[in-house]
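Read the structure below first, then the notes.
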Amino acid sequence: MSAGRYHPGDRVRVREAFPPGHVRTPYFVRGCAGEVQECAGAYPNPEELAYGRDGKPDIPLYRVSFLQSEVWHGYDGPGADTIVIDIYEHWLEPAQ
Amino acid sequence: MSHDHTHDHDHDHDDAHPYQPDIEDFPFSERMVMTQAVAELIIEKGICSADELRAQIELMDSREPGLGAKLVAKTWVDPDYKARVLEDVAAAAAEIGIDIGEIPIKAIENTDDVHNVVVCTLCSCYPRMLIGLPPDWYKSRAYRSRTVKEPRKVLEEFGTHIADDVEVRVHDSTADLRYIVLPARPKGTEGWDEAKLAELITRDSMVGVTPAKSPEDI
């Protein structure tokens, strides 16, 4: 499935934003760069659904992989360890 | 202990019986009030009936790890089926008579090179329709916060050691997808049928905090 602007292998960065309200993007990954694994379809925006609105239009959702050593300073494990997080398109911007 | 009432009842019962509190003996929290109020409103407004609400709870409570184990066991004996599971869990589960409902579930495969473990840092997202309700530890703040940051240490606490040349891949299900891990088929199970293989596939192995059981474990 590939509904959105990013494709598998694309480098993306999570927006370093801290809006109030219901947000699904984990705090610890904001500002981090990773690689798109796949687009997992498009879904109503949970930031709108949380307040009783319809969440339309649907927003593409990506599975984005990050190196643990780049997410956590002093990560205690091999450099190849990763974390894959589901992130909506409006939280991503292109990275080098 | 059985209580034989053929004896004279001249003693009192103040001291002997252990007492198990009823649900109503715990404080009735604001969230419990809210849950009950929402349920009553849903019924009053005719969005669904009391029986439909009850049936949904019954459906959720009927889900258990045996369903996921059946699906995983089939992937172990049928590579084409495994490919279909990795492509579309809902369709592959339907093939063996399991309806996973509308919430998408994605299967992730453990291999010689990658060990997967699932967490929901925000709450308790879990592939309930395939393996039932999550255990309390899955919902605990400790599991949710530590699994993303020090997964190998958490896995060690579950008795699972992952070699340094194997990538530990954590999946944080923060959005619309739920994840089920396909554990690797243990050695020494050649020739086993699906039903026997399914006995090796535990809830925890499908969350990724352990491998599947070994033949010597059963």
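By convention in this document, the chains of the structure tokens carry letters A, B, ... by their order, each chain's residues are numbered from 1, and ligands are numbered from 1 in the order they are shown.
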Within 10 Å of chain B: each chain A residue with its shortest pair, only C-alpha atoms, as JSON lines:
{"residue": "A:Val23", "atom": "CA", "partner": "B:Leu122", "partner_atom": "CA", "distance": 9.6}
{"residue": "A:Arg24", "atom": "CA", "partner": "B:Thr174", "partner_atom": "CA", "distance": 5.9}
{"residue": "A:Thr25", "atom": "CA", "partner": "B:Thr174", "partner_atom": "CA", "distance": 7.2}
{"residue": "A:Pro26", "atom": "CA", "partner": "B:Leu122", "partner_atom": "CA", "distance": 7.6}
{"residue": "A:Phe28", "atom": "CA", "partner": "B:Val148", "partner_atom": "CA", "distance": 9.5}
{"residue": "A:Ala40", "atom": "CA", "partner": "B:Leu177", "partner_atom": "CA", "distance": 8.1}
{"residue": "A:Gly41", "atom": "CA", "partner": "B:Asp176", "partner_atom": "CA", "distance": 9.4}
{"residue": "A:Ala42", "atom": "CA", "partner": "B:Asp176", "partner_atom": "CA", "distance": 9.3}
{"residue": "A:Tyr43", "atom": "CA", "partner": "B:Asp176", "partner_atom": "CA", "distance": 7.4}
{"residue": "A:Pro44", "atom": "CA", "partner": "B:Asp176", "partner_atom": "CA", "distance": 9.3}
{"residue": "A:Asn45", "atom": "CA", "partner": "B:Ala175", "partner_atom": "CA", "distance": 9.8}
{"residue": "A:Pro46", "atom": "CA", "partner": "B:Ala175", "partner_atom": "CA", "distance": 8.1}
{"residue": "A:Leu61", "atom": "CA", "partner": "B:Ala175", "partner_atom": "CA", "distance": 8.2}
{"residue": "A:Tyr62", "atom": "CA", "partner": "B:Ala175", "partner_atom": "CA", "distance": 9.8}
{"residue": "A:Arg63", "atom": "CA", "partner": "B:His171", "partner_atom": "CA", "distance": 9.1}
{"residue": "A:Val64", "atom": "CA", "partner": "B:His171", "partner_atom": "CA", "distance": 9.8}
{"residue": "A:Ser65", "atom": "CA", "partner": "B:Arg169", "partner_atom": "CA", "distance": 9.0}
{"residue": "A:Phe66", "atom": "CA", "partner": "B:Arg169", "partner_atom": "CA", "distance": 9.6}
{"residue": "A:Leu67", "atom": "CA", "partner": "B:Arg169", "partner_atom": "CA", "distance": 9.4}
{"residue": "A:Gln68", "atom": "CA", "partner": "B:Lys149", "partner_atom": "CA", "distance": 7.9}
{"residue": "A:Ser69", "atom": "CA", "partner": "B:Lys149", "partner_atom": "CA", "distance": 9.9}
{"residue": "A:Val71", "atom": "CA", "partner": "B:Lys149", "partner_atom": "CA", "distance": 8.6}
{"residue": "A:Trp72", "atom": "CA", "partner": "B:Lys149", "partner_atom": "CA", "distance": 6.9}
{"residue": "A:His73", "atom": "CA", "partner": "B:Lys149", "partner_atom": "CA", "distance": 9.9}
{"residue": "A:Tyr75", "atom": "CA", "partner": "B:Lys149", "partner_atom": "CA", "distance": 7.3}
{"residue": "A:Asp76", "atom": "CA", "partner": "B:Glu150", "partner_atom": "CA", "distance": 6.9}
{"residue": "A:Gly77", "atom": "CA", "partner": "B:Arg152", "partner_atom": "CA", "distance": 7.3}
{"residue": "A:Pro78", "atom": "CA", "partner": "B:Asp164", "partner_atom": "CA", "distance": 6.1}
{"residue": "A:Gly79", "atom": "CA", "partner": "B:Glu167", "partner_atom": "CA", "distance": 8.6}
{"residue": "A:Ala80", "atom": "CA", "partner": "B:Glu167", "partner_atom": "CA", "distance": 5.7}
{"residue": "A:Asp81", "atom": "CA", "partner": "B:Glu167", "partner_atom": "CA", "distance": 4.9}
{"residue": "A:Thr82", "atom": "CA", "partner": "B:Arg169", "partner_atom": "CA", "distance": 4.9}
{"residue": "A:Ile83", "atom": "CA", "partner": "B:Val170", "partner_atom": "CA", "distance": 4.5}
{"residue": "A:Val84", "atom": "CA", "partner": "B:His171", "partner_atom": "CA", "distance": 4.8}
{"residue": "A:Ile85", "atom": "CA", "partner": "B:Asp172", "partner_atom": "CA", "distance": 5.0}
{"residue": "A:Asp86", "atom": "CA", "partner": "B:Ala175", "partner_atom": "CA", "distance": 6.0}
{"residue": "A:Ile87", "atom": "CA", "partner": "B:Ala175", "partner_atom": "CA", "distance": 7.3}
{"residue": "A:Tyr88", "atom": "CA", "partner": "B:Ala175", "partner_atom": "CA", "distance": 8.2}
Quick one: residues within 9 Å of stretch 186-191 of chain B, only C-alpha atoms counted, chain neighbours fewer than 2 positions away excluded, as a PDB file with C-alpha atoms, in the first residue's frame?
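Output saved as around.pdb:
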ATOM      1  CA  PRO B 183       8.070 -16.850  16.614  1.00  0.00           C
ATOM      2  CA  ALA B 184      10.643 -19.070  14.935  1.00  0.00           C
ATOM      3  CA  ASP B 193       1.591 -31.755  12.907  1.00  0.00           C
ATOM      4  CA  LEU B 197       3.228 -27.498  17.083  1.00  0.00           C
ATOM      5  CA  LEU B 200       4.696 -24.718  21.655  1.00  0.00           C
ATOM      6  CA  PRO B 211      10.749 -17.597  21.881  1.00  0.00           C
ATOM      7  CA  ALA B 212       8.318 -20.457  21.303  1.00  0.00           C
ATOM      8  CA  LYS B 213       8.689 -23.372  23.697  1.00  0.00           C
ATOM      9  CA  SER B 214      11.114 -26.156  22.864  1.00  0.00           C
ATOM     10  CA  PRO B 215      10.033 -29.789  22.478  1.00  0.00           C
TER      11      PRO B 215
END
*Residue list (alpha helix (DSSP H), DSSP) for chain A, as number ranges by chain*: A: 46-49, 68-71
*What is the atom CA of B:Leu155-atom CA of B:Thr210 distance in Å, reported with one decimal?*
7.4 Å
*asked:* So that I can see what lies close to stretch 14-19 of chain A, please list as a ChimeraX atom specification the residues with an atom at most 7 Å from it, counting only C-alpha atoms and leaving out residues fewer than 6 positions away in the same chain.
replied: /A:29-33,91-93
*Could you state the separation of atom CA of B:Gly101 and atom CA of B:Arg178 in Å, given to one decimal place?*
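Here the two named atoms are 11.9 Å from each other.
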*Please identify all polymer residues within 8 Å of B:Pro127, counting only C-alpha atoms, omitting same-chain residues fewer than 5 positions from it, and present them as an MDAnalysis selection string.*
chainID B and resid 105 132 178:180
*asked:* Could you go through chain A and tell me which residues DSSP, when run on the backbone, assigns to strand (DSSP E or B), listing them as JSON, numbers by chain?
replied: {"A": [11, 12, 13, 14, 33, 34, 35, 36, 37, 38, 39, 40, 41, 42, 43, 59, 60, 61, 62, 63, 64, 65, 66, 67, 82, 83, 84, 85, 86, 87, 88, 92, 93, 94]}
*asked:* Measuring between only C-alpha atoms, which one of B:Asp78, B:Val119, B:Ser145, B:Ala55 shows the shortest distance to A:Tyr27?
replied: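 Nearest candidate to A:Tyr27 out of B:Asp78, B:Val119, B:Ser145, B:Ala55: B:Ser145.
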*Please measure the separation of atom CA of B:Ile23 and atom CA of B:Glu64, giving the value in Å to one decimal.*
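Taking atom CA of B:Ile23 and atom CA of B:Glu64, their separation equals 23.6 Å.
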